[in-house]
Structures are given as C-alpha cells and as structure tokens.
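Here's the structure, in structure tokens; my notes come after.
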Amino acid sequence: MLTVALSQVSRHARRYIAVGLAVMLGVGFLAATLMVGATTTATLQNSIGAEYSKADLVVTSADGSLPPATADAVRSVAGVDVVHAEQQGYFVLRAGTATNMANLSALAPPVLEGLVLQEGNLPESDGQVVIDAASAQQLGVEIGDTVQGAALREGTLEENLAASGTGLTVTGFSEPSAHPFLSGAIALHAVPSQVDELVPEGVTTQLQLTLTDSAEAAQVGTAVGQVLADAGADASVLTAVEQTTEDVAALSGGQDQLTIVLLAFAVVAVIVTALVIANTFSVLVAQRTRELALLRCIGAGRGQIRRSVLLEAAVVGTVSSALGVLLAAGVMWVLVSLARTVPGSEFATLAVPASAVVGGMVVGILMTIAAALVPARA
C-alpha cells in the first residue's frame with residue numbers, strides 16, 4: 001500500500017496543494033515561535049556576553065555594589081592575575097550647545113578591555129575621553145574637540161556645569177555599547193581617576209578577573225568566594241559564561257513571556273490547520289470513491305485502504321512540515337539580517353534550536369495523520 005500511496009501523491013500532487021500549504025503555514029508559525037524565543041536569548045547572550053568576553057571570573061554583589069576594598073582583597077588570591085573594578089555612573093555632559101546626562105565608565109587594563117575603537121586612541125590620562133560613534137555623530141563631536149563634564153549634584157544640569165565643569169578632550173570614537181541597559185545612551189570611557197572625579201557617587205558594580213595560565217577557574221573561584229565571605233561581602237563568583245546566563249535570566253525574569261504568548265497563537269493555528277486538513281482529505285477521499293472501490297474489488301482490505309490514505313497523509317505531512325521549518329528559518333534570517341542593519345543592533349543573532357526543527361516536524365506529521373483519520377475510516 002505504500003507504493004499505492006506514493007503513486008497517488010505523485011500523480012495527483014495538485015490535489016494536495018491546499019493540505020500542503022495549510023501544514024506548511026501551521027508548522028512554520030510554530031517553528032518561528034520557538035525560533036523567536038531562542039533568537040532573543042542568543043541575542044541577549046551575545047550582547048551581554050561581550051562585556052565579559054575577556055574575563056575568566058566575574059564577581060558580583062547581591063545589592064549591585066561592592067565595597068572599595070574588595071578588589072585589593074581579591075588581588076591577593078593565588079592564581080588571580082588581573083583584577084578590574086568596573087565603575088560607572090551618570091554625569092553632566094555638554095557638547096556644543098547641547099547639555100545631556102551621559103554614562104561614564106572606567107577603562108579596564110588592556111588584557112580585560114573589550115571596548116572596540118572605530119577611530120582615534122584610548123584615553124591615557126585625566127581630561128581625555130572616548131565617546132561612542134553614534135552619540136558623537138548625533139552631538140556633532142569630532143576627535144580633538146573639547147566637551148564639558150561635571151558631577152551630578154543638586155540643582156539643574158547647567159548649575160552643575162557652572163559649579164564644577166571640567167574640559168574633556170575627545171581622543172576617539174568607540175563602537176556603541178551592546179549591553180541592553182546602555183543601548184541608545186550616550187556612553188563615554190575615561191581613565192579610572194577621571195571617573196572618580198566626575199562620578200563621585202559611582203559604585204563598583206562588579207569585578208572582572210583574569211587568571212594565571214596554571215590556575216583552574218573552579219579552585220580560584222572557591223578561594224575568591226572564601227576571601228569575600230571573610231571580608232563580609234555578600235557576593236557571588238561565576239565564570240563569564242555563567243554570569244552571562246544569570247544576567248539573561250534576570251532580564252527575562254526566568255520566563256520568555258513573548259514565546260508563551262506566541263505559542264498560544266500557534267496552538268490556535270495548529271487547530272485551524274487540522275480542520276482544514278480534515279475537510280480537504282474528506283473531499284479527496286470522496287473524489288476517489290471509484291478508485292478505492294476498485295482496490296477493494298481486486299482484494300484490498302478495509303485496513304489496507306485506510307492505511308494507504310494515512311500513508312498519503314504522512315507523506316504530505318512530512319514534506320510540508322520540512323518546508324514549513326525551512327520557511328520559518330528563512331523568515332527569521334531575513335528579520336535578523338534587517339535588525340543587524342539598525343545602528344546599535346549589530347549583535348542580533350539567529351538561533352535555530354533543535355526543538356523548533358524536531359517539534360515542528362513531529363507536530364506537523366502527527367497533526368496531518370490525526371486530521372486524516374476520519375476521512376480514512378470513511
């Protein structure tokens with residue numbers, strides 16, 4: 001009966017166009033929904049992970065700040081090579097006639113610095129800054145220009161500038177930050193002493209560590225954790241990959257609400273698709289009454305006739321499901337490619353999880369066979 005089923009599908013392919021399109025669209029919607037969730041997670045991991053790209057271990061605090069002496073305590077641990085205390089905060093920036101609040105971050109040692117320069121040089125002393133290229137273009141700032149910076153205190157931005165304005169020479173343009181919290185913000189980088197002056201209320205948000213060649217991350221992480229506990233600091237020590245995963249979970253709240261909502265629509269789409277398949281197969285079986293009767297006359301049993309119809313459904317479901325998965329991947333690739341053309345979204349990453357491929361194929365095939373059961377019995 002497999003030969004009969006394949007013959008029917010190949011000879012009357014046009015009859016199955018409606019079924020194939022229904023299955024392809026239903027499976028495509030389901031697969032695309034799963035790809036959206038995976039792509040969102042991969043994009044967040046790519047953007048957040050860039051911050052830890054050169055670190056072996058990351059130390060963070062439960063309340064978002066670490067005591068100033070923490071860095072010195074960690075430096076004394078055997079196996080720790082370089083420690084960078086990440087400091088950042090907002091200050092007042094005047095470029096030309098525009099006055100704004102901007103984010104200022106301390107440069108890390110070269111072995112840990114992940115800032116990507118588009119043009120110019122990194123600051124080497126106080127009075128020098130690097131600004132992200134997108135903000136520089138928006139503010140009309142060129143390399144060599146002098147901007148004014150001041151610490152945020154009570155009063156208006158203009159009053160802060162008048163009270164403690166400092167001239168800052170722009171030495172270079174950097175790539176816009178990929179971190180979700182800084183996306184779209186005016187981002188500048190300076191040497192740590194300059195950050196201390198302009199962001200006096202700033203805190204050490206985390207420590208990034210590189211280890212010596214012979215050190216093992218697990219052993220050093222345990223030792224660093226013990227030192228922090230002895231110092232009374234409520235902090236965690238994770239690898240760069242673990243910290244990235246934790247940050248992504250914190251941003252999403254541990255759940256992907258968008259995927260949940262889209263999956264609800266996908267279930268509705270699958271149900272509608274099953275109804276379309278059932279109705280279409282009913283028509284197809286009715287059109288083939290004489291053919292099926294002829295098969296019965298030459299000795300085919302009821303079970304064989306039923307299996308031949310179900311085999312046709314399985315073949316159509318397999319081919320259409322595969323096309324649906326490919327359609328979903330193609331649409332997602334186009335959307336991610338378009339997203340990458342938007343400034344500040346170059347870190348968008350396409351992810352095609354196995355669940356989208358396997359889940360889409362299984363659901364599509366089973367849905368097609370289940371929808372064809374009643375017409376097959378008829």
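To be explicit about the labels: the chains of the structure tokens are called A, B, and onward in the order shown, and within each one the residues are counted from 1, while ligands get numbers from 1 in the order they are shown.
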- Nearby residues (only C-alpha atoms) at most 12 Å from A:Ser125, same-chain spacing under 4 positions excluded, as a ChimeraX atom specification: /A:106-107,121,129-130,168-171,189-195
- Using only C-alpha atoms, which of A:Ala85, A:Leu44, A:Leu310, A:Val352 sits nearest A:Ile365?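 Using only C-alpha atoms, A:Ile365 sits closest to A:Leu310.
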Surrounding residues of A:Leu30 excluding itself and chain neighbours under 4 positions, 12 Å, only C-alpha atoms, as a tab-separated table (two decimals) with N, CA and C atoms, in the first residue's frame:
```tsv
chain	number	residue	atom	x	y	z
A	23	VAL	N	-0.45	22.82	6.19
A	23	VAL	CA	0.55	22.24	7.09
A	23	VAL	C	1.79	23.12	7.14
A	24	MET	N	2.25	23.58	6.00
A	24	MET	CA	3.47	24.40	5.95
A	24	MET	C	3.32	25.67	6.77
A	25	LEU	N	2.18	26.34	6.63
A	25	LEU	CA	1.97	27.59	7.37
A	25	LEU	C	1.82	27.34	8.87
A	26	GLY	N	1.08	26.28	9.22
A	26	GLY	CA	0.91	25.98	10.64
A	26	GLY	C	2.22	25.61	11.31
A	34	LEU	N	9.17	29.21	18.25
A	34	LEU	CA	10.28	28.67	19.05
A	34	LEU	C	11.60	29.33	18.68
A	35	MET	N	11.76	29.70	17.41
A	35	MET	CA	12.99	30.38	16.99
A	35	MET	C	13.06	31.79	17.56
A	36	VAL	N	11.92	32.45	17.71
A	36	VAL	CA	11.91	33.81	18.28
A	36	VAL	C	12.47	33.79	19.68
A	37	GLY	N	12.00	32.83	20.51
A	37	GLY	CA	12.50	32.74	21.87
A	37	GLY	C	13.99	32.44	21.91
A	259	THR	N	7.39	34.29	23.97
A	259	THR	CA	7.25	32.95	23.41
A	259	THR	C	5.97	32.29	23.91
A	260	ILE	N	5.64	32.49	25.18
A	260	ILE	CA	4.42	31.90	25.74
A	260	ILE	C	3.19	32.43	25.01
A	261	VAL	N	3.15	33.74	24.78
A	261	VAL	CA	2.00	34.34	24.09
A	261	VAL	C	1.92	33.82	22.65
A	262	LEU	N	3.06	33.79	21.97
A	262	LEU	CA	3.06	33.33	20.58
A	262	LEU	C	2.70	31.84	20.48
A	263	LEU	N	3.12	31.05	21.49
A	263	LEU	CA	2.76	29.63	21.47
A	263	LEU	C	1.25	29.44	21.58
A	264	ALA	N	0.59	30.33	22.34
A	264	ALA	CA	-0.86	30.24	22.44
A	264	ALA	C	-1.50	30.44	21.06
A	265	PHE	N	-1.00	31.42	20.31
A	265	PHE	CA	-1.49	31.63	18.95
A	265	PHE	C	-1.13	30.45	18.05
A	266	ALA	N	0.05	29.86	18.28
A	266	ALA	CA	0.48	28.72	17.47
A	266	ALA	C	-0.46	27.54	17.67
A	267	VAL	N	-0.92	27.32	18.90
A	267	VAL	CA	-1.86	26.24	19.16
A	267	VAL	C	-3.15	26.45	18.38
A	268	VAL	N	-3.63	27.70	18.38
A	268	VAL	CA	-4.84	28.02	17.61
A	268	VAL	C	-4.60	27.75	16.12
A	269	ALA	N	-3.41	28.14	15.64
A	269	ALA	CA	-3.08	27.92	14.22
A	269	ALA	C	-3.05	26.44	13.89
A	270	VAL	N	-2.52	25.62	14.80
A	270	VAL	CA	-2.46	24.17	14.56
A	270	VAL	C	-3.86	23.58	14.51
A	271	ILE	N	-4.74	24.03	15.41
A	271	ILE	CA	-6.12	23.52	15.42
A	271	ILE	C	-6.84	23.87	14.12
A	273	THR	N	-5.43	24.55	11.28
A	273	THR	CA	-4.80	23.77	10.22
A	273	THR	C	-5.35	22.35	10.18
A	321	SER	N	5.86	19.74	6.38
A	321	SER	CA	6.45	20.16	7.66
A	321	SER	C	7.89	20.61	7.46
A	324	GLY	N	7.80	23.91	5.99
A	324	GLY	CA	7.39	24.90	6.99
A	324	GLY	C	8.53	25.32	7.89
A	325	VAL	N	9.36	24.35	8.31
A	325	VAL	CA	10.53	24.67	9.14
A	325	VAL	C	11.51	25.55	8.36
A	326	LEU	N	11.73	25.18	7.09
A	326	LEU	CA	12.64	25.99	6.25
A	326	LEU	C	12.08	27.40	6.06
A	327	LEU	N	10.77	27.50	5.88
A	327	LEU	CA	10.15	28.83	5.74
A	327	LEU	C	10.36	29.67	6.99
A	328	ALA	N	10.16	29.05	8.16
A	328	ALA	CA	10.35	29.78	9.42
A	328	ALA	C	11.79	30.24	9.58
A	329	ALA	N	12.75	29.35	9.27
A	329	ALA	CA	14.16	29.73	9.38
A	329	ALA	C	14.51	30.86	8.41
A	355	SER	N	14.63	22.06	19.13
A	355	SER	CA	13.20	21.95	19.47
A	355	SER	C	12.32	22.51	18.38
A	356	ALA	N	12.79	23.57	17.69
A	356	ALA	CA	12.00	24.16	16.61
A	356	ALA	C	11.92	23.22	15.42
A	357	VAL	N	13.04	22.56	15.10
A	357	VAL	CA	13.06	21.65	13.95
A	357	VAL	C	12.31	20.36	14.27
A	358	VAL	N	12.69	19.71	15.36
A	358	VAL	CA	12.06	18.43	15.72
A	358	VAL	C	10.59	18.63	16.09
A	359	GLY	N	10.33	19.65	16.92
A	359	GLY	CA	8.96	19.91	17.34
A	359	GLY	C	8.06	20.23	16.16
A	360	GLY	N	8.55	21.07	15.24
A	360	GLY	CA	7.75	21.41	14.07
A	360	GLY	C	7.45	20.20	13.21
A	361	MET	N	8.47	19.36	12.96
A	361	MET	CA	8.28	18.16	12.14
A	361	MET	C	7.30	17.19	12.80
A	362	VAL	N	7.49	16.92	14.08
A	362	VAL	CA	6.63	15.96	14.78
A	362	VAL	C	5.19	16.44	14.83
A	363	VAL	N	4.99	17.71	15.20
A	363	VAL	CA	3.63	18.25	15.28
A	363	VAL	C	2.97	18.23	13.91
A	364	GLY	N	3.73	18.63	12.87
A	364	GLY	CA	3.15	18.67	11.53
A	364	GLY	C	2.72	17.30	11.04
```
Within stretch 54-126 of chain A, find each residue whose DSSP state, derived from the backbone, is strand (DSSP E), and express the selection as a compact mmCIF listing (two decimals) with C-alpha atoms, in the first residue's frame.
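As a result, out32.txt now contains:
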```txt
# COMPACT_ATOMS: atom_id res chain seq x y z
CA LEU A 57 35.76 35.04 36.53
CA VAL A 58 33.19 37.70 37.43
CA VAL A 59 32.41 38.86 40.96
CA THR A 60 29.03 40.50 41.55
CA SER A 61 27.13 41.60 44.64
CA VAL A 80 44.47 35.76 40.14
CA ASP A 81 46.40 37.71 37.53
CA VAL A 82 44.50 40.95 36.80
CA VAL A 83 41.51 42.48 38.60
CA HIS A 84 39.33 45.21 37.12
CA ALA A 85 36.86 47.04 39.36
CA GLU A 86 34.11 48.16 37.00
CA GLN A 87 32.98 51.68 37.84
CA GLN A 88 30.34 53.62 36.00
CA GLY A 89 27.65 56.20 36.55
CA TYR A 90 25.96 59.21 35.03
CA PHE A 91 27.37 62.72 34.81
CA VAL A 92 26.56 66.01 33.07
CA LEU A 93 27.91 66.37 29.53
CA ARG A 94 27.88 69.48 27.36
CA ALA A 95 28.84 69.09 23.73
CA ALA A 98 23.57 70.52 23.94
CA THR A 99 23.59 69.51 27.60
CA ASN A 100 22.72 65.91 28.48
CA MET A 101 23.18 63.22 31.06
CA ALA A 102 25.69 60.63 29.87
CA ASN A 103 27.14 57.37 31.15
CA LEU A 104 30.84 57.34 32.04
CA SER A 105 32.74 54.07 32.54
CA ALA A 106 36.28 53.39 33.70
CA LEU A 117 37.60 51.68 18.77
CA GLN A 118 36.32 52.86 15.42
CA GLU A 119 38.77 55.73 15.20
CA GLY A 120 41.34 57.51 17.36
```
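On the backbone of this structure, DSSP gives alpha helix (DSSP H) within stretch 159-238 of chain A to Glu159, Asn160, Leu161, Ala162, Ala163, Ser164, Pro192, Ser193, Gln194, Val195, Asp196, Glu197, Leu198, Ala217, Ala218, Gln219, Val220, Gly221, Thr222, Ala223, Val224, Gly225, Gln226, Val227, Leu228, Ala229 and Asp230 of chain A.
Of the listed residues (A:Ala18, A:Ile277, A:Leu139, A:Ala348), A:Ala348 comes nearest to A:Met332; the distances count only C-alpha atoms.
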- Test item: residues at most 9 Å from A:Ala162, only C-alpha atoms, excluding those fewer than 4 positions along its chain, as a list in words: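 Residues near the query, excluding close chain neighbours: Ala150, Leu157 and Glu158 of chain A.
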Save out the residues we just selected, all heavy atoms, as a PDB file, in the first residue's frame.
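Saved file result.pdb follows:
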```pdb
ATOM      1  N   ALA A 150      30.678  67.420  34.224  1.00  0.00           N
ATOM      2  CA  ALA A 150      30.545  67.809  35.628  1.00  0.00           C
ATOM      3  C   ALA A 150      29.810  66.711  36.377  1.00  0.00           C
ATOM      4  O   ALA A 150      29.008  65.967  35.795  1.00  0.00           O
ATOM      5  CB  ALA A 150      29.795  69.132  35.754  1.00  0.00           C
ATOM      6  N   LEU A 157      21.222  70.870  35.498  1.00  0.00           N
ATOM      7  CA  LEU A 157      22.431  70.448  34.803  1.00  0.00           C
ATOM      8  C   LEU A 157      23.345  71.641  34.535  1.00  0.00           C
ATOM      9  O   LEU A 157      24.573  71.538  34.653  1.00  0.00           O
ATOM     10  CB  LEU A 157      22.061  69.755  33.483  1.00  0.00           C
ATOM     11  CG  LEU A 157      21.193  68.489  33.578  1.00  0.00           C
ATOM     12  CD1 LEU A 157      20.975  67.905  32.189  1.00  0.00           C
ATOM     13  CD2 LEU A 157      21.816  67.466  34.505  1.00  0.00           C
ATOM     14  N   GLU A 158      22.757  72.766  34.175  1.00  0.00           N
ATOM     15  CA  GLU A 158      23.556  73.961  33.895  1.00  0.00           C
ATOM     16  C   GLU A 158      24.263  74.451  35.153  1.00  0.00           C
ATOM     17  O   GLU A 158      25.419  74.883  35.104  1.00  0.00           O
ATOM     18  CB  GLU A 158      22.647  75.062  33.331  1.00  0.00           C
ATOM     19  CG  GLU A 158      22.008  74.729  31.991  1.00  0.00           C
ATOM     20  CD  GLU A 158      23.035  74.613  30.885  1.00  0.00           C
ATOM     21  OE1 GLU A 158      24.159  75.120  31.055  1.00  0.00           O
ATOM     22  OE2 GLU A 158      22.718  74.004  29.845  1.00  0.00           O
TER      23      GLU A 158
END
```
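Proximity of A:Val248, A:Ala134, A:Ala322, A:Met367 to A:Val342, computed with only C-alpha atoms, is greatest for A:Ala134.
Across the model, the gap from atom CA of A:Leu335 to atom CA of A:Ser320 is 22.4 Å.
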- Nearest candidate to A:Pro109 (options A:Phe173, A:Val27, A:Thr210, A:Leu198; using only C-alpha atoms):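 So, comparing all the options, the nearest one is A:Thr210.
The list of residues with at least one atom within 9 Å of A:Pro200, based on only C-alpha atoms and without residues fewer than 3 positions apart in the same chain, reads Gly89, Ala151, Leu152, Val195, Asp196, Glu197 and Val203 of chain A.
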For the selection just defined, write its residues with all heavy atoms to a file, as a PDB file, in the first residue's frame.
```pdb
ATOM      1  N   GLY A  89      28.740  55.392  36.025  1.00  0.00           N
ATOM      2  CA  GLY A  89      27.652  56.205  36.549  1.00  0.00           C
ATOM      3  C   GLY A  89      27.347  57.331  35.578  1.00  0.00           C
ATOM      4  O   GLY A  89      28.004  57.490  34.549  1.00  0.00           O
ATOM      5  N   ALA A 151      30.100  66.604  37.668  1.00  0.00           N
ATOM      6  CA  ALA A 151      29.429  65.610  38.504  1.00  0.00           C
ATOM      7  C   ALA A 151      27.974  66.010  38.727  1.00  0.00           C
ATOM      8  O   ALA A 151      27.636  67.192  38.783  1.00  0.00           O
ATOM      9  CB  ALA A 151      30.154  65.479  39.843  1.00  0.00           C
ATOM     10  N   LEU A 152      27.111  65.018  38.834  1.00  0.00           N
ATOM     11  CA  LEU A 152      25.699  65.267  39.101  1.00  0.00           C
ATOM     12  C   LEU A 152      25.495  65.556  40.581  1.00  0.00           C
ATOM     13  O   LEU A 152      25.777  64.720  41.437  1.00  0.00           O
ATOM     14  CB  LEU A 152      24.872  64.039  38.705  1.00  0.00           C
ATOM     15  CG  LEU A 152      24.360  63.952  37.268  1.00  0.00           C
ATOM     16  CD1 LEU A 152      23.700  62.601  37.038  1.00  0.00           C
ATOM     17  CD2 LEU A 152      23.367  65.060  36.995  1.00  0.00           C
ATOM     18  N   VAL A 195      36.993  59.094  36.189  1.00  0.00           N
ATOM     19  CA  VAL A 195      35.663  58.622  36.566  1.00  0.00           C
ATOM     20  C   VAL A 195      35.384  58.937  38.033  1.00  0.00           C
ATOM     21  O   VAL A 195      34.285  59.361  38.397  1.00  0.00           O
ATOM     22  CB  VAL A 195      35.523  57.112  36.293  1.00  0.00           C
ATOM     23  CG1 VAL A 195      34.178  56.592  36.776  1.00  0.00           C
ATOM     24  CG2 VAL A 195      35.704  56.820  34.811  1.00  0.00           C
ATOM     25  N   ASP A 196      36.386  58.755  38.901  1.00  0.00           N
ATOM     26  CA  ASP A 196      36.213  59.082  40.314  1.00  0.00           C
ATOM     27  C   ASP A 196      35.843  60.547  40.500  1.00  0.00           C
ATOM     28  O   ASP A 196      35.048  60.896  41.389  1.00  0.00           O
ATOM     29  CB  ASP A 196      37.499  58.770  41.086  1.00  0.00           C
ATOM     30  CG  ASP A 196      37.757  57.281  41.201  1.00  0.00           C
ATOM     31  OD1 ASP A 196      36.786  56.506  41.080  1.00  0.00           O
ATOM     32  OD2 ASP A 196      38.920  56.888  41.392  1.00  0.00           O
ATOM     33  N   GLU A 197      36.399  61.427  39.668  1.00  0.00           N
ATOM     34  CA  GLU A 197      36.124  62.864  39.789  1.00  0.00           C
ATOM     35  C   GLU A 197      34.731  63.225  39.298  1.00  0.00           C
ATOM     36  O   GLU A 197      34.014  63.992  39.957  1.00  0.00           O
ATOM     37  CB  GLU A 197      37.160  63.650  38.991  1.00  0.00           C
ATOM     38  CG  GLU A 197      36.905  65.165  38.998  1.00  0.00           C
ATOM     39  CD  GLU A 197      37.849  65.916  38.088  1.00  0.00           C
ATOM     40  OE1 GLU A 197      38.883  65.328  37.676  1.00  0.00           O
ATOM     41  OE2 GLU A 197      37.558  67.077  37.763  1.00  0.00           O
ATOM     42  N   VAL A 203      29.626  53.527  42.063  1.00  0.00           N
ATOM     43  CA  VAL A 203      29.953  52.354  42.880  1.00  0.00           C
ATOM     44  C   VAL A 203      30.659  51.326  42.011  1.00  0.00           C
ATOM     45  O   VAL A 203      30.577  51.347  40.783  1.00  0.00           O
ATOM     46  CB  VAL A 203      28.686  51.722  43.490  1.00  0.00           C
ATOM     47  CG1 VAL A 203      28.013  52.690  44.450  1.00  0.00           C
ATOM     48  CG2 VAL A 203      27.707  51.307  42.387  1.00  0.00           C
TER      49      VAL A 203
END
```
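Computed from the coordinates, the atom CA of A:Gly20 to atom CA of A:Arg306 distance equals 20.0 Å.
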- Which of A:Gly167, A:Pro110, A:Pro375, A:Gly317 sits closest to A:Ala22 [using only C-alpha atoms]: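 Among A:Gly167, A:Pro110, A:Pro375, A:Gly317, it is A:Gly317 that comes nearest to A:Ala22.
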- In terms of only C-alpha atoms, the residue from A:Glu51, A:Thr97, A:Val315, A:Ala231 at minimal distance from A:Asp72 is A:Ala231
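For the atom pair formed by atom CA of A:Ala185 and atom CA of A:Asp132, the distance is 9.2 Å, given to one decimal.
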- Message: When you look at stretch 234-247 of chain A with a cut-off of 7 Å (counting only C-alpha atoms), what residues show up, excluding the ones that are within fewer than 4 positions of it in the same chain? I need them as a ChimeraX atom specification.
- Response: /A:45,48-49,52,55-62,221,225,228-229,251
Name the residues in contact with A:Glu154 at a cut-off of 12 Å, using only C-alpha atoms, excluding same-chain residues fewer than 5 positions from it; report them as a PDB file with N, CA and C atoms, in the first residue's frame.
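Heads up, here's the output in part.pdb:
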```pdb
ATOM      1  N   VAL A  92      27.082  64.975  33.961  1.00  0.00           N
ATOM      2  CA  VAL A  92      26.562  66.005  33.068  1.00  0.00           C
ATOM      3  C   VAL A  92      27.560  66.216  31.935  1.00  0.00           C
ATOM      4  N   GLU A 159      23.577  74.371  36.289  1.00  0.00           N
ATOM      5  CA  GLU A 159      24.198  74.790  37.545  1.00  0.00           C
ATOM      6  C   GLU A 159      25.358  73.867  37.914  1.00  0.00           C
ATOM      7  N   ASN A 160      25.202  72.569  37.647  1.00  0.00           N
ATOM      8  CA  ASN A 160      26.299  71.637  37.914  1.00  0.00           C
ATOM      9  C   ASN A 160      27.514  71.954  37.048  1.00  0.00           C
ATOM     10  N   LEU A 161      27.277  72.273  35.791  1.00  0.00           N
ATOM     11  CA  LEU A 161      28.381  72.624  34.898  1.00  0.00           C
ATOM     12  C   LEU A 161      29.070  73.908  35.345  1.00  0.00           C
ATOM     13  N   ALA A 163      29.269  75.051  38.322  1.00  0.00           N
ATOM     14  CA  ALA A 163      29.953  74.893  39.601  1.00  0.00           C
ATOM     15  C   ALA A 163      31.232  74.067  39.487  1.00  0.00           C
TER      16      ALA A 163
END
```
